[in-house]
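Comments concern the structure below.
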There are 2 protein chains.
Amino acid sequence: MTARASAPGKAILFGEHSVVYGKPAIAVAVDKRANVTIREGNDDSIHVKIPELDVYGVIDIETGLISLENDILGQENPDTFDAGILKFIKSALFRTELGSSPDHGMDITVDLEIPIGAGLGSSAAITVATLAAAARYYHHDLSLETLALTAHQVELEVQGAASPLDTTVSTHGGFLYFTHESGGVKIKPALEMPLVVGYTSQPGNTGLLVQQVRKLCNDHPTIIKPIIGLMGNVTNHARESITHGEEERVGELMNINQGLLDALGVNTDELSRLIYHARSAGALGSKLTGAGGGGSMIAYCPGKTREVLEELQSIDNAFLVGMSRKGVTW
Amino acid sequence: MTARASAPGKAILFGEHSVVYGKPAIAVAVDKRANVTIREGNDDSIHVKIPELDVYGVIDIETGLISLENDILGQENPDTFDAGILKFIKSALFRTELGSSPDHGMDITVDLEIPIGAGLGSSAAITVATLAAAARYYHHDLSLETLALTAHQVELEVQGAASPLDTTVSTHGGFLYFTHESGGVKIKPALEMPLVVGYTSQPGNTGLLVQQVRKLCNDHPTIIKPIIGLMGNVTNHARESITHGEEERVGELMNINQGLLDALGVNTDELSRLIYHARSAGALGSKLTGAGGGGSMIAYCPGKTREVLEELQSIDNAFLVGMSRKGVTW
């Protein structure tokens with residue numbers, strides 16, 4: 001028995017951080033995916049291979065203990081490493097929503113096209129794809145709504161706190177306007193959305209950055225709260241501009257949003273360099289994406305993707321992403 | 001007969017751009033000055049030397065025509081050059097507020113400690129010092145209020161538009177909270193104000209930048225107007241923190257102000273690099289100063305001036321400035 005599923009990563013276009021304070025966000029599923037294959041195993045353990053991360057782990061079915069078959073960089077603690085991703089896979093496999101749970105050995109392979117720790121939703125994509133592949137493996141029906149909800153539960157269990165934004169986008173695909181009240185609402189862009197992602201070699205620590213912003217907000221409430229409110233306005237204006245096909249305004253709003261994120265203290269020298277070089281190379285707008293403090297930036301550059309990509313690649317890691325209308329496939 | 005006067009440059013700590021929209025600003029006179037000496041001349045012209053800029057000009061007393069004795073970089077148009085500063089000197093010498101006007105040759109030497117085009121108020125300092133030296137030369141009494149007002153008139157005449165902020169600070173010295181209604185009000189800082197100024201090799205074009213912000217404000221009024229309003233709040237909070245000696249809050253407010261300036265589109269890659277490197281080297285706060293789009297940044301770095309200065313000097317031009325309690329001296 002072999003079961004496969006695949007789910008896309010995401011890029012936040014508008015609203016990171018302000019979404020934590022109940023403001024809307026706009027995110028897009030990208031054409032970089034996590035592809036999960038589950039096969040029956042030859043022993044009593046769950047073997048997990050993620051070749052792109054050089055992670056080879058074993059999950060003990062009885063105890064749930066995770067160990068590494070390879071000793072990454074001489075470290076043994078899976079918490080501190082790319083190997084931490086194994087926790088999402090383990091949590092997903094044992095969710096009661098799947099009807100069954102592992103009772104014999106499995107071989108799981110994750111083919112990962114999304115860089116991790118780059119704010120591009122790699123853990124959500126792996127979680128969604130693992131849940132979907134496992135449901136198929138167990139011959140269990142799972143609605144998209146239940147899948148998204150369960151994936152969010154997995155993120156909560158592993159991370160302690162998580163926004164449902166990533167798992168929602170990864171499940172449903174496309175362009176989403178997201179609020180905490182209504183969840184994700186698909187929006188119809190009236191423009192192409194060619195994006196270049198640049199990512200720094202420092203992964204951002206989302207939890208820490210959210211705490212930092214909270215502290216700044218507590219220390220300067222009459223300044224930071226209105227900034228967060230304005231970020232909500234920017235997102236709502238951006239939604240209009242995206243659905244009306246106003247390319248330049250979308251770019252301007254990204255740049256304004258970037259300044260407001262800088263005011264929250266989540267920008268870095270490395271991100272700023274990529275952001276400004278993208279604009280010089282012809283991007284209509286560019287901003288950090290995700291929590292900041294490292295991680296990634298996105299540039300919106302209709303007609304200039306090659307120029308922007310080459311410029312960013314001359315500085316750091318960069319790649320082109322397109323929107324993925326497809327969410328999870330199984 | 002020899003007459004001397006000297007006036008300080010300034011650094012805006014809070015409120016550039018928002019001051020154009022009627023919000024308050026905080027600026028400080030710095031211990032870099034323009035020193036002007038007027039001596040009786042040997043012929044019928046006014047000879048002006050500014051050795052630091054390699055500018056040697058002649059003003060014809062009859063016609064007011066300005067010409068250059070040296071041919072700077074092979075260009076002859078004083079408009080486009082450091083030599084443009086001669087227009088301020090000429091306008092100052094012929095102001096009716098001085099009671100007399102040049103009726104015989106003069107030799108004027110400007111010893112300039114302030115880099116020009118760096119947002120540090122070099123033209124205002126030269127104007128104020130020239131007016132003061134000329135008043136002394138003509139044996140004419142001039143109150144500080146009249147001096148500041150006259151210097152502003154000179155800036156208006158030469159530039160077409162100008163904020164009275166620079167000439168006010170250059171005349172009165174110290175730490176000023178400035179509003180258009182009340183002019184400058186001295187504030188008493190309860191903390192030391194060690195500043196490092198870093199300046200890029202691109203001079204910012206203030207007029208152009210003010211226009212750009214105006215356009216952005218017209219295009220996105222419901223977002224940009226509130227940002228400008230918030231900048232006013234930041235300045236008012238900063239005034240409190242400065243007078244209460246809250247170093248960390250002053251730094252945080254500078255960083256927030258910087259993000260808001262970035263949202264207005266007046267930040268650059270070069271400025272951002274200096275700003276972030278200053279913070280890494282220990283500055284409590286850092287932001288662009290003046291109109292942006294090039295020009296200068298300031299870093300507030302109690303206990304860390306040496307570290308920040310060295311870091312910025314490894315990237316671009318930088319120097320240490322202290323507050324000058326002294327305004328114009330004559």
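Ligands are numbered from 1 in the order shown, chains are lettered A, B, ... in the order of the structure tokens, and residues start at 1 in each chain.
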
Chain B near chain A within 6 Å: what's each residue's closest atom pair and its distance in Å to one decimal, counting only C-alpha atoms, ordered by chain then ascending residue number, as a tab-separated table?
```
residue	atom	partner	partner_atom	distance
B:Ile256	CA	A:Ala263	CA	4.3
B:Gly259	CA	A:Ala263	CA	3.8
B:Leu260	CA	A:Gly259	CA	5.8
B:Asp262	CA	A:Gly259	CA	4.6
B:Ala263	CA	A:Gly259	CA	3.8
B:Asp269	CA	A:Tyr276	CA	5.4
B:Tyr276	CA	A:Asp269	CA	5.4
```

Here's a check: after a least-squares fit over all in-order C-alpha atoms, write chain B in the frame of chain A, as a JSON list (two decimals) with C-alpha atoms, in the first residue's frame.
```
[["chain", "number", "residue", "atom", "x", "y", "z"],
["B", 1, "MET", "CA", -0.02, 0.01, -0.15],
["B", 2, "THR", "CA", 1.33, 3.40, -1.10],
["B", 3, "ALA", "CA", -0.43, 6.70, -0.39],
["B", 4, "ARG", "CA", 0.64, 10.09, -1.64],
["B", 5, "ALA", "CA", -0.41, 13.65, -0.94],
["B", 6, "SER", "CA", 1.00, 17.05, -1.60],
["B", 7, "ALA", "CA", 0.33, 20.52, -0.16],
["B", 8, "PRO", "CA", 1.65, 23.97, -1.06],
["B", 9, "GLY", "CA", 3.64, 26.43, 1.00],
["B", 10, "LYS", "CA", 2.38, 29.98, 1.36],
["B", 11, "ALA", "CA", 3.58, 33.54, 1.28],
["B", 12, "ILE", "CA", 1.91, 36.26, 3.32],
["B", 13, "LEU", "CA", 1.43, 39.31, 1.13],
["B", 14, "PHE", "CA", -0.18, 41.57, 3.71],
["B", 15, "GLY", "CA", -0.90, 41.47, 7.40],
["B", 16, "GLU", "CA", 1.82, 39.52, 9.21],
["B", 17, "HIS", "CA", 1.94, 40.52, 12.89],
["B", 18, "SER", "CA", -1.24, 42.62, 12.65],
["B", 19, "VAL", "CA", -3.13, 39.34, 12.10],
["B", 20, "VAL", "CA", -2.12, 38.42, 15.68],
["B", 21, "TYR", "CA", -4.18, 41.45, 16.80],
["B", 22, "GLY", "CA", -7.29, 40.41, 14.90],
["B", 23, "LYS", "CA", -6.58, 42.33, 11.69],
["B", 24, "PRO", "CA", -7.02, 40.68, 8.28],
["B", 25, "ALA", "CA", -4.20, 39.17, 6.24],
["B", 26, "ILE", "CA", -3.76, 38.22, 2.59],
["B", 27, "ALA", "CA", -1.77, 35.12, 1.75],
["B", 28, "VAL", "CA", -1.19, 33.12, -1.36],
["B", 29, "ALA", "CA", -0.43, 29.44, -1.83],
["B", 30, "VAL", "CA", 2.80, 29.07, -3.79],
["B", 31, "ASP", "CA", 3.93, 26.54, -6.35],
["B", 32, "LYS", "CA", 6.51, 25.05, -4.01],
["B", 33, "ARG", "CA", 5.12, 22.04, -2.22],
["B", 34, "ALA", "CA", 5.65, 19.38, 0.38],
["B", 35, "ASN", "CA", 5.08, 15.94, -1.20],
["B", 36, "VAL", "CA", 4.52, 13.11, 1.23],
["B", 37, "THR", "CA", 4.56, 9.41, 0.34],
["B", 38, "ILE", "CA", 3.60, 6.71, 2.85],
["B", 39, "ARG", "CA", 4.49, 3.07, 2.13],
["B", 40, "GLU", "CA", 4.07, -0.04, 4.19],
["B", 41, "GLY", "CA", 7.24, -0.64, 6.14],
["B", 42, "ASN", "CA", 9.49, -3.65, 6.66],
["B", 43, "ASP", "CA", 9.78, -3.44, 10.42],
["B", 44, "ASP", "CA", 7.73, -2.16, 13.38],
["B", 45, "SER", "CA", 8.87, 1.47, 13.22],
["B", 46, "ILE", "CA", 7.98, 4.53, 11.18],
["B", 47, "HIS", "CA", 10.96, 5.59, 9.12],
["B", 48, "VAL", "CA", 10.89, 9.17, 7.85],
["B", 49, "LYS", "CA", 13.19, 10.47, 5.14],
["B", 50, "ILE", "CA", 13.46, 14.15, 4.24],
["B", 51, "PRO", "CA", 16.37, 14.09, 1.83],
["B", 52, "GLU", "CA", 16.36, 17.88, 1.19],
["B", 53, "LEU", "CA", 17.02, 18.46, 4.89],
["B", 54, "ASP", "CA", 19.26, 15.45, 5.31],
["B", 55, "VAL", "CA", 16.89, 14.25, 8.02],
["B", 56, "TYR", "CA", 16.38, 10.50, 8.52],
["B", 57, "GLY", "CA", 14.28, 9.80, 11.58],
["B", 58, "VAL", "CA", 12.55, 6.93, 13.30],
["B", 59, "ILE", "CA", 9.30, 7.17, 15.25],
["B", 60, "ASP", "CA", 8.65, 4.31, 17.68],
["B", 61, "ILE", "CA", 5.02, 3.22, 17.27],
["B", 62, "GLU", "CA", 4.64, 2.07, 20.88],
["B", 63, "THR", "CA", 6.26, 4.96, 22.72],
["B", 64, "GLY", "CA", 6.04, 7.73, 20.12],
["B", 65, "LEU", "CA", 9.72, 8.49, 20.75],
["B", 66, "ILE", "CA", 11.55, 10.18, 17.90],
["B", 67, "SER", "CA", 15.18, 9.38, 17.17],
["B", 68, "LEU", "CA", 17.50, 10.23, 14.34],
["B", 69, "GLU", "CA", 19.15, 7.64, 12.13],
["B", 70, "ASN", "CA", 21.73, 10.15, 11.07],
["B", 71, "ASP", "CA", 23.51, 12.39, 13.53],
["B", 72, "ILE", "CA", 22.99, 15.80, 12.01],
["B", 73, "LEU", "CA", 25.93, 18.07, 12.58],
["B", 74, "GLY", "CA", 26.89, 15.95, 15.54],
["B", 75, "GLN", "CA", 23.83, 17.05, 17.52],
["B", 76, "GLU", "CA", 21.35, 14.64, 18.99],
["B", 77, "ASN", "CA", 18.52, 16.88, 20.06],
["B", 78, "PRO", "CA", 15.84, 16.91, 17.38],
["B", 79, "ASP", "CA", 14.29, 20.03, 19.00],
["B", 80, "THR", "CA", 16.97, 22.34, 17.79],
["B", 81, "PHE", "CA", 17.14, 21.19, 14.24],
["B", 82, "ASP", "CA", 15.49, 20.78, 10.93],
["B", 83, "ALA", "CA", 14.68, 17.42, 12.49],
["B", 84, "GLY", "CA", 12.09, 19.27, 14.61],
["B", 85, "ILE", "CA", 9.86, 18.84, 11.59],
["B", 86, "LEU", "CA", 9.54, 15.14, 12.60],
["B", 87, "LYS", "CA", 7.33, 16.23, 15.48],
["B", 88, "PHE", "CA", 4.73, 17.58, 13.06],
["B", 89, "ILE", "CA", 4.75, 14.32, 11.13],
["B", 90, "LYS", "CA", 4.40, 12.25, 14.28],
["B", 91, "SER", "CA", 1.60, 14.41, 15.67],
["B", 92, "ALA", "CA", -0.22, 14.21, 12.32],
["B", 93, "LEU", "CA", 0.02, 10.41, 12.06],
["B", 94, "PHE", "CA", -1.53, 9.87, 15.47],
["B", 95, "ARG", "CA", -4.47, 12.30, 15.21],
["B", 96, "THR", "CA", -7.75, 10.64, 16.13],
["B", 97, "GLU", "CA", -9.47, 12.51, 13.26],
["B", 98, "LEU", "CA", -7.80, 9.99, 10.94],
["B", 99, "GLY", "CA", -9.91, 7.11, 12.33],
["B", 100, "SER", "CA", -6.94, 4.74, 12.54],
["B", 101, "SER", "CA", -3.43, 5.08, 13.83],
["B", 102, "PRO", "CA", -0.15, 3.40, 12.90],
["B", 103, "ASP", "CA", -0.19, -0.26, 13.94],
["B", 104, "HIS", "CA", 2.64, -1.48, 11.76],
["B", 105, "GLY", "CA", 5.81, -0.12, 10.21],
["B", 106, "MET", "CA", 5.72, 2.64, 7.61],
["B", 107, "ASP", "CA", 8.23, 4.29, 5.35],
["B", 108, "ILE", "CA", 7.50, 7.97, 4.86],
["B", 109, "THR", "CA", 9.32, 10.11, 2.34],
["B", 110, "VAL", "CA", 8.93, 13.88, 2.31],
["B", 111, "ASP", "CA", 10.02, 15.57, -0.87],
["B", 112, "LEU", "CA", 10.26, 19.20, 0.21],
["B", 113, "GLU", "CA", 10.44, 22.07, -2.27],
["B", 114, "ILE", "CA", 9.99, 24.76, 0.38],
["B", 115, "PRO", "CA", 12.95, 26.08, 2.39],
["B", 116, "ILE", "CA", 12.27, 25.68, 6.10],
["B", 117, "GLY", "CA", 12.44, 28.52, 8.65],
["B", 118, "ALA", "CA", 11.90, 30.98, 5.83],
["B", 119, "GLY", "CA", 8.35, 32.02, 6.67],
["B", 120, "LEU", "CA", 6.96, 30.09, 3.73],
["B", 121, "GLY", "CA", 4.81, 27.66, 5.66],
["B", 122, "SER", "CA", 6.93, 24.53, 5.29],
["B", 123, "SER", "CA", 5.71, 22.99, 8.54],
["B", 124, "ALA", "CA", 2.05, 23.61, 7.65],
["B", 125, "ALA", "CA", 2.54, 22.14, 4.18],
["B", 126, "ILE", "CA", 4.24, 19.04, 5.58],
["B", 127, "THR", "CA", 1.51, 18.68, 8.21],
["B", 128, "VAL", "CA", -1.34, 19.03, 5.71],
["B", 129, "ALA", "CA", 0.28, 16.64, 3.23],
["B", 130, "THR", "CA", 1.07, 14.08, 5.95],
["B", 131, "LEU", "CA", -2.51, 14.16, 7.24],
["B", 132, "ALA", "CA", -3.89, 13.77, 3.73],
["B", 133, "ALA", "CA", -1.52, 10.93, 2.83],
["B", 134, "ALA", "CA", -2.27, 9.17, 6.11],
["B", 135, "ALA", "CA", -6.03, 9.50, 5.61],
["B", 136, "ARG", "CA", -5.63, 7.90, 2.22],
["B", 137, "TYR", "CA", -3.34, 5.24, 3.68],
["B", 138, "TYR", "CA", -5.94, 4.44, 6.35],
["B", 139, "HIS", "CA", -8.75, 4.61, 3.70],
["B", 140, "HIS", "CA", -10.39, 7.33, 5.72],
["B", 141, "ASP", "CA", -12.47, 10.18, 4.30],
["B", 142, "LEU", "CA", -11.55, 13.64, 5.49],
["B", 143, "SER", "CA", -13.23, 16.86, 4.38],
["B", 144, "LEU", "CA", -11.00, 19.82, 3.52],
["B", 145, "GLU", "CA", -12.47, 21.68, 6.49],
["B", 146, "THR", "CA", -11.60, 18.88, 8.89],
["B", 147, "LEU", "CA", -8.18, 18.54, 7.30],
["B", 148, "ALA", "CA", -7.40, 22.26, 7.75],
["B", 149, "LEU", "CA", -8.69, 22.22, 11.32],
["B", 150, "THR", "CA", -6.76, 19.07, 12.20],
["B", 151, "ALA", "CA", -3.57, 20.48, 10.67],
["B", 152, "HIS", "CA", -3.98, 23.58, 12.82],
["B", 153, "GLN", "CA", -4.41, 21.34, 15.89],
["B", 154, "VAL", "CA", -1.12, 19.64, 15.01],
["B", 155, "GLU", "CA", 0.64, 23.01, 14.76],
["B", 156, "LEU", "CA", -0.84, 24.06, 18.09],
["B", 157, "GLU", "CA", 0.25, 20.79, 19.73],
["B", 158, "VAL", "CA", 3.81, 21.04, 18.43],
["B", 159, "GLN", "CA", 4.41, 24.80, 18.64],
["B", 160, "GLY", "CA", 2.18, 25.79, 21.53],
["B", 161, "ALA", "CA", 0.78, 28.69, 19.51],
["B", 162, "ALA", "CA", 0.03, 29.01, 15.82],
["B", 163, "SER", "CA", -2.14, 30.98, 13.46],
["B", 164, "PRO", "CA", -4.58, 28.90, 11.38],
["B", 165, "LEU", "CA", -3.53, 31.02, 8.39],
["B", 166, "ASP", "CA", -0.76, 28.71, 7.15],
["B", 167, "THR", "CA", -2.75, 25.49, 7.39],
["B", 168, "THR", "CA", -5.81, 27.15, 5.80],
["B", 169, "VAL", "CA", -3.81, 28.35, 2.78],
["B", 170, "SER", "CA", -1.94, 25.07, 2.46],
["B", 171, "THR", "CA", -5.22, 23.12, 2.45],
["B", 172, "HIS", "CA", -7.29, 25.31, 0.15],
["B", 173, "GLY", "CA", -4.68, 26.87, -2.12],
["B", 174, "GLY", "CA", -5.20, 30.09, -4.07],
["B", 175, "PHE", "CA", -5.39, 33.63, -2.85],
["B", 176, "LEU", "CA", -6.94, 34.02, 0.59],
["B", 177, "TYR", "CA", -8.20, 36.97, 2.54],
["B", 178, "PHE", "CA", -8.02, 35.74, 6.08],
["B", 179, "THR", "CA", -9.68, 36.92, 9.26],
["B", 180, "HIS", "CA", -9.89, 35.14, 12.58],
["B", 181, "GLU", "CA", -13.68, 35.40, 12.59],
["B", 182, "SER", "CA", -14.39, 34.09, 9.13],
["B", 183, "GLY", "CA", -11.25, 32.09, 8.38],
["B", 184, "GLY", "CA", -10.07, 32.17, 4.79],
["B", 185, "VAL", "CA", -12.14, 33.66, 1.99],
["B", 186, "LYS", "CA", -10.85, 33.08, -1.53],
["B", 187, "ILE", "CA", -10.30, 36.25, -3.49],
["B", 188, "LYS", "CA", -10.06, 36.48, -7.25],
["B", 189, "PRO", "CA", -7.01, 38.39, -8.34],
["B", 190, "ALA", "CA", -7.49, 40.43, -11.51],
["B", 191, "LEU", "CA", -3.75, 40.44, -12.08],
["B", 192, "GLU", "CA", -0.87, 38.03, -12.45],
["B", 193, "MET", "CA", 1.08, 37.58, -9.25],
["B", 194, "PRO", "CA", 4.71, 36.90, -10.15],
["B", 195, "LEU", "CA", 6.66, 36.88, -6.91],
["B", 196, "VAL", "CA", 10.33, 36.56, -6.19],
["B", 197, "VAL", "CA", 11.19, 35.29, -2.73],
["B", 198, "GLY", "CA", 14.53, 36.17, -1.22],
["B", 199, "TYR", "CA", 15.58, 34.54, 1.98],
["B", 200, "THR", "CA", 18.32, 35.32, 4.41],
["B", 201, "SER", "CA", 20.36, 32.64, 6.07],
["B", 202, "GLN", "CA", 18.97, 33.59, 9.49],
["B", 203, "PRO", "CA", 15.71, 31.85, 10.32],
["B", 204, "GLY", "CA", 13.36, 34.20, 12.19],
["B", 205, "ASN", "CA", 11.98, 33.06, 15.54],
["B", 206, "THR", "CA", 8.26, 33.72, 15.15],
["B", 207, "GLY", "CA", 7.37, 33.28, 18.82],
["B", 208, "LEU", "CA", 10.09, 35.65, 19.97],
["B", 209, "LEU", "CA", 9.18, 38.28, 17.38],
["B", 210, "VAL", "CA", 5.51, 38.15, 18.33],
["B", 211, "GLN", "CA", 6.55, 38.70, 21.97],
["B", 212, "GLN", "CA", 8.79, 41.63, 21.02],
["B", 213, "VAL", "CA", 5.97, 43.33, 19.17],
["B", 214, "ARG", "CA", 3.69, 42.71, 22.16],
["B", 215, "LYS", "CA", 6.21, 44.41, 24.45],
["B", 216, "LEU", "CA", 6.62, 47.39, 22.11],
["B", 217, "CYS", "CA", 2.84, 47.66, 21.97],
["B", 218, "ASN", "CA", 2.59, 47.61, 25.76],
["B", 219, "ASP", "CA", 5.34, 50.24, 26.06],
["B", 220, "HIS", "CA", 3.93, 52.58, 23.39],
["B", 221, "PRO", "CA", 0.25, 51.67, 23.10],
["B", 222, "THR", "CA", -0.93, 55.00, 21.68],
["B", 223, "ILE", "CA", 1.55, 54.67, 18.82],
["B", 224, "ILE", "CA", 1.80, 50.93, 18.12],
["B", 225, "LYS", "CA", -1.92, 50.09, 18.33],
["B", 226, "PRO", "CA", -2.76, 52.66, 15.63],
["B", 227, "ILE", "CA", 0.09, 51.31, 13.48],
["B", 228, "ILE", "CA", -1.43, 47.82, 13.76],
["B", 229, "GLY", "CA", -4.82, 49.29, 12.92],
["B", 230, "LEU", "CA", -3.33, 50.94, 9.83],
["B", 231, "MET", "CA", -1.86, 47.62, 8.75],
["B", 232, "GLY", "CA", -5.42, 46.31, 8.71],
["B", 233, "ASN", "CA", -6.42, 49.23, 6.44],
["B", 234, "VAL", "CA", -3.49, 48.48, 4.15],
["B", 235, "THR", "CA", -4.61, 44.85, 3.85],
["B", 236, "ASN", "CA", -8.18, 45.86, 3.04],
["B", 237, "HIS", "CA", -7.04, 48.36, 0.42],
["B", 238, "ALA", "CA", -4.74, 45.72, -1.03],
["B", 239, "ARG", "CA", -7.63, 43.28, -1.35],
["B", 240, "GLU", "CA", -9.49, 45.86, -3.45],
["B", 241, "SER", "CA", -6.45, 46.62, -5.58],
["B", 242, "ILE", "CA", -5.78, 42.92, -6.18],
["B", 243, "THR", "CA", -9.35, 42.24, -7.22],
["B", 244, "HIS", "CA", -9.39, 45.37, -9.43],
["B", 245, "GLY", "CA", -6.08, 44.57, -11.08],
["B", 246, "GLU", "CA", -4.26, 47.71, -9.90],
["B", 247, "GLU", "CA", -0.66, 46.55, -10.09],
["B", 248, "GLU", "CA", 1.03, 49.77, -9.03],
["B", 249, "ARG", "CA", -1.21, 50.26, -6.03],
["B", 250, "VAL", "CA", -0.55, 46.70, -4.88],
["B", 251, "GLY", "CA", 3.17, 47.48, -5.02],
["B", 252, "GLU", "CA", 2.79, 50.79, -3.18],
["B", 253, "LEU", "CA", 0.73, 49.13, -0.47],
["B", 254, "MET", "CA", 3.38, 46.44, -0.03],
["B", 255, "ASN", "CA", 6.01, 49.15, 0.42],
["B", 256, "ILE", "CA", 3.87, 51.00, 2.95],
["B", 257, "ASN", "CA", 3.23, 47.75, 4.83],
["B", 258, "GLN", "CA", 6.99, 47.15, 4.89],
["B", 259, "GLY", "CA", 7.61, 50.53, 6.54],
["B", 260, "LEU", "CA", 4.97, 49.79, 9.16],
["B", 261, "LEU", "CA", 6.59, 46.39, 9.85],
["B", 262, "ASP", "CA", 9.93, 48.19, 10.21],
["B", 263, "ALA", "CA", 8.26, 50.49, 12.76],
["B", 264, "LEU", "CA", 7.27, 47.36, 14.73],
["B", 265, "GLY", "CA", 10.95, 46.41, 14.91],
["B", 266, "VAL", "CA", 10.79, 43.15, 12.95],
["B", 267, "ASN", "CA", 12.88, 44.21, 9.95],
["B", 268, "THR", "CA", 16.61, 43.46, 9.69],
["B", 269, "ASP", "CA", 19.59, 44.80, 7.79],
["B", 270, "GLU", "CA", 19.69, 41.68, 5.56],
["B", 271, "LEU", "CA", 15.97, 41.82, 4.75],
["B", 272, "SER", "CA", 16.12, 45.54, 4.08],
["B", 273, "ARG", "CA", 18.97, 45.05, 1.65],
["B", 274, "LEU", "CA", 17.03, 42.44, -0.34],
["B", 275, "ILE", "CA", 13.90, 44.61, -0.22],
["B", 276, "TYR", "CA", 15.64, 47.71, -1.56],
["B", 277, "HIS", "CA", 17.61, 45.84, -4.19],
["B", 278, "ALA", "CA", 14.39, 44.25, -5.44],
["B", 279, "ARG", "CA", 12.86, 47.71, -5.87],
["B", 280, "SER", "CA", 15.95, 48.99, -7.68],
["B", 281, "ALA", "CA", 15.76, 46.01, -10.02],
["B", 282, "GLY", "CA", 12.18, 46.89, -10.94],
["B", 283, "ALA", "CA", 9.87, 45.37, -8.31],
["B", 284, "LEU", "CA", 6.68, 47.40, -7.90],
["B", 285, "GLY", "CA", 6.63, 46.43, -4.23],
["B", 286, "SER", "CA", 8.69, 44.44, -1.80],
["B", 287, "LYS", "CA", 8.40, 43.58, 1.87],
["B", 288, "LEU", "CA", 9.34, 40.99, 4.41],
["B", 289, "THR", "CA", 7.00, 38.03, 4.56],
["B", 290, "GLY", "CA", 6.26, 36.05, 7.69],
["B", 291, "ALA", "CA", 7.47, 37.09, 11.10],
["B", 292, "GLY", "CA", 10.67, 38.88, 10.02],
["B", 293, "GLY", "CA", 13.78, 39.10, 12.19],
["B", 294, "GLY", "CA", 15.44, 37.12, 9.39],
["B", 295, "GLY", "CA", 13.54, 34.69, 7.16],
["B", 296, "SER", "CA", 12.19, 35.87, 3.85],
["B", 297, "MET", "CA", 11.05, 38.81, 1.79],
["B", 298, "ILE", "CA", 8.85, 38.87, -1.29],
["B", 299, "ALA", "CA", 9.00, 41.11, -4.29],
["B", 300, "TYR", "CA", 6.06, 41.72, -6.60],
["B", 301, "CYS", "CA", 7.58, 42.33, -9.99],
["B", 302, "PRO", "CA", 5.31, 41.97, -13.03],
["B", 303, "GLY", "CA", 7.47, 42.02, -16.17],
["B", 304, "LYS", "CA", 10.66, 42.15, -14.14],
["B", 305, "THR", "CA", 10.92, 38.75, -12.47],
["B", 306, "ARG", "CA", 14.15, 37.80, -14.20],
["B", 307, "GLU", "CA", 15.87, 41.08, -13.32],
["B", 308, "VAL", "CA", 14.73, 40.95, -9.70],
["B", 309, "LEU", "CA", 15.59, 37.27, -9.33],
["B", 310, "GLU", "CA", 19.11, 37.79, -10.67],
["B", 311, "GLU", "CA", 19.66, 40.82, -8.46],
["B", 312, "LEU", "CA", 18.54, 38.99, -5.31],
["B", 313, "GLN", "CA", 20.49, 35.86, -6.18],
["B", 314, "SER", "CA", 23.62, 37.99, -6.40],
["B", 315, "ILE", "CA", 23.07, 38.86, -2.70],
["B", 316, "ASP", "CA", 21.45, 35.85, -1.05],
["B", 317, "ASN", "CA", 19.12, 32.92, -1.74],
["B", 318, "ALA", "CA", 16.22, 33.71, -4.04],
["B", 319, "PHE", "CA", 13.71, 31.90, -6.20],
["B", 320, "LEU", "CA", 10.69, 32.60, -8.29],
["B", 321, "VAL", "CA", 7.27, 31.53, -7.04],
["B", 322, "GLY", "CA", 3.94, 31.56, -8.71],
["B", 323, "MET", "CA", 0.52, 31.29, -7.15],
["B", 324, "SER", "CA", -0.82, 27.78, -6.71],
["B", 325, "ARG", "CA", -4.55, 27.53, -7.26],
["B", 326, "LYS", "CA", -4.25, 23.97, -6.03],
["B", 327, "GLY", "CA", -4.27, 23.37, -2.33],
["B", 328, "VAL", "CA", -3.79, 19.86, -1.00],
["B", 329, "THR", "CA", -3.87, 17.10, -3.60],
["B", 330, "TRP", "CA", -4.25, 13.42, -2.73]]
```

Once DSSP has gone over the backbone, tell me which residues of region 6-50 of chain A are in strand (DSSP E), as a PyMOL selection string. chain A and resi 6-14+25-40+45-50
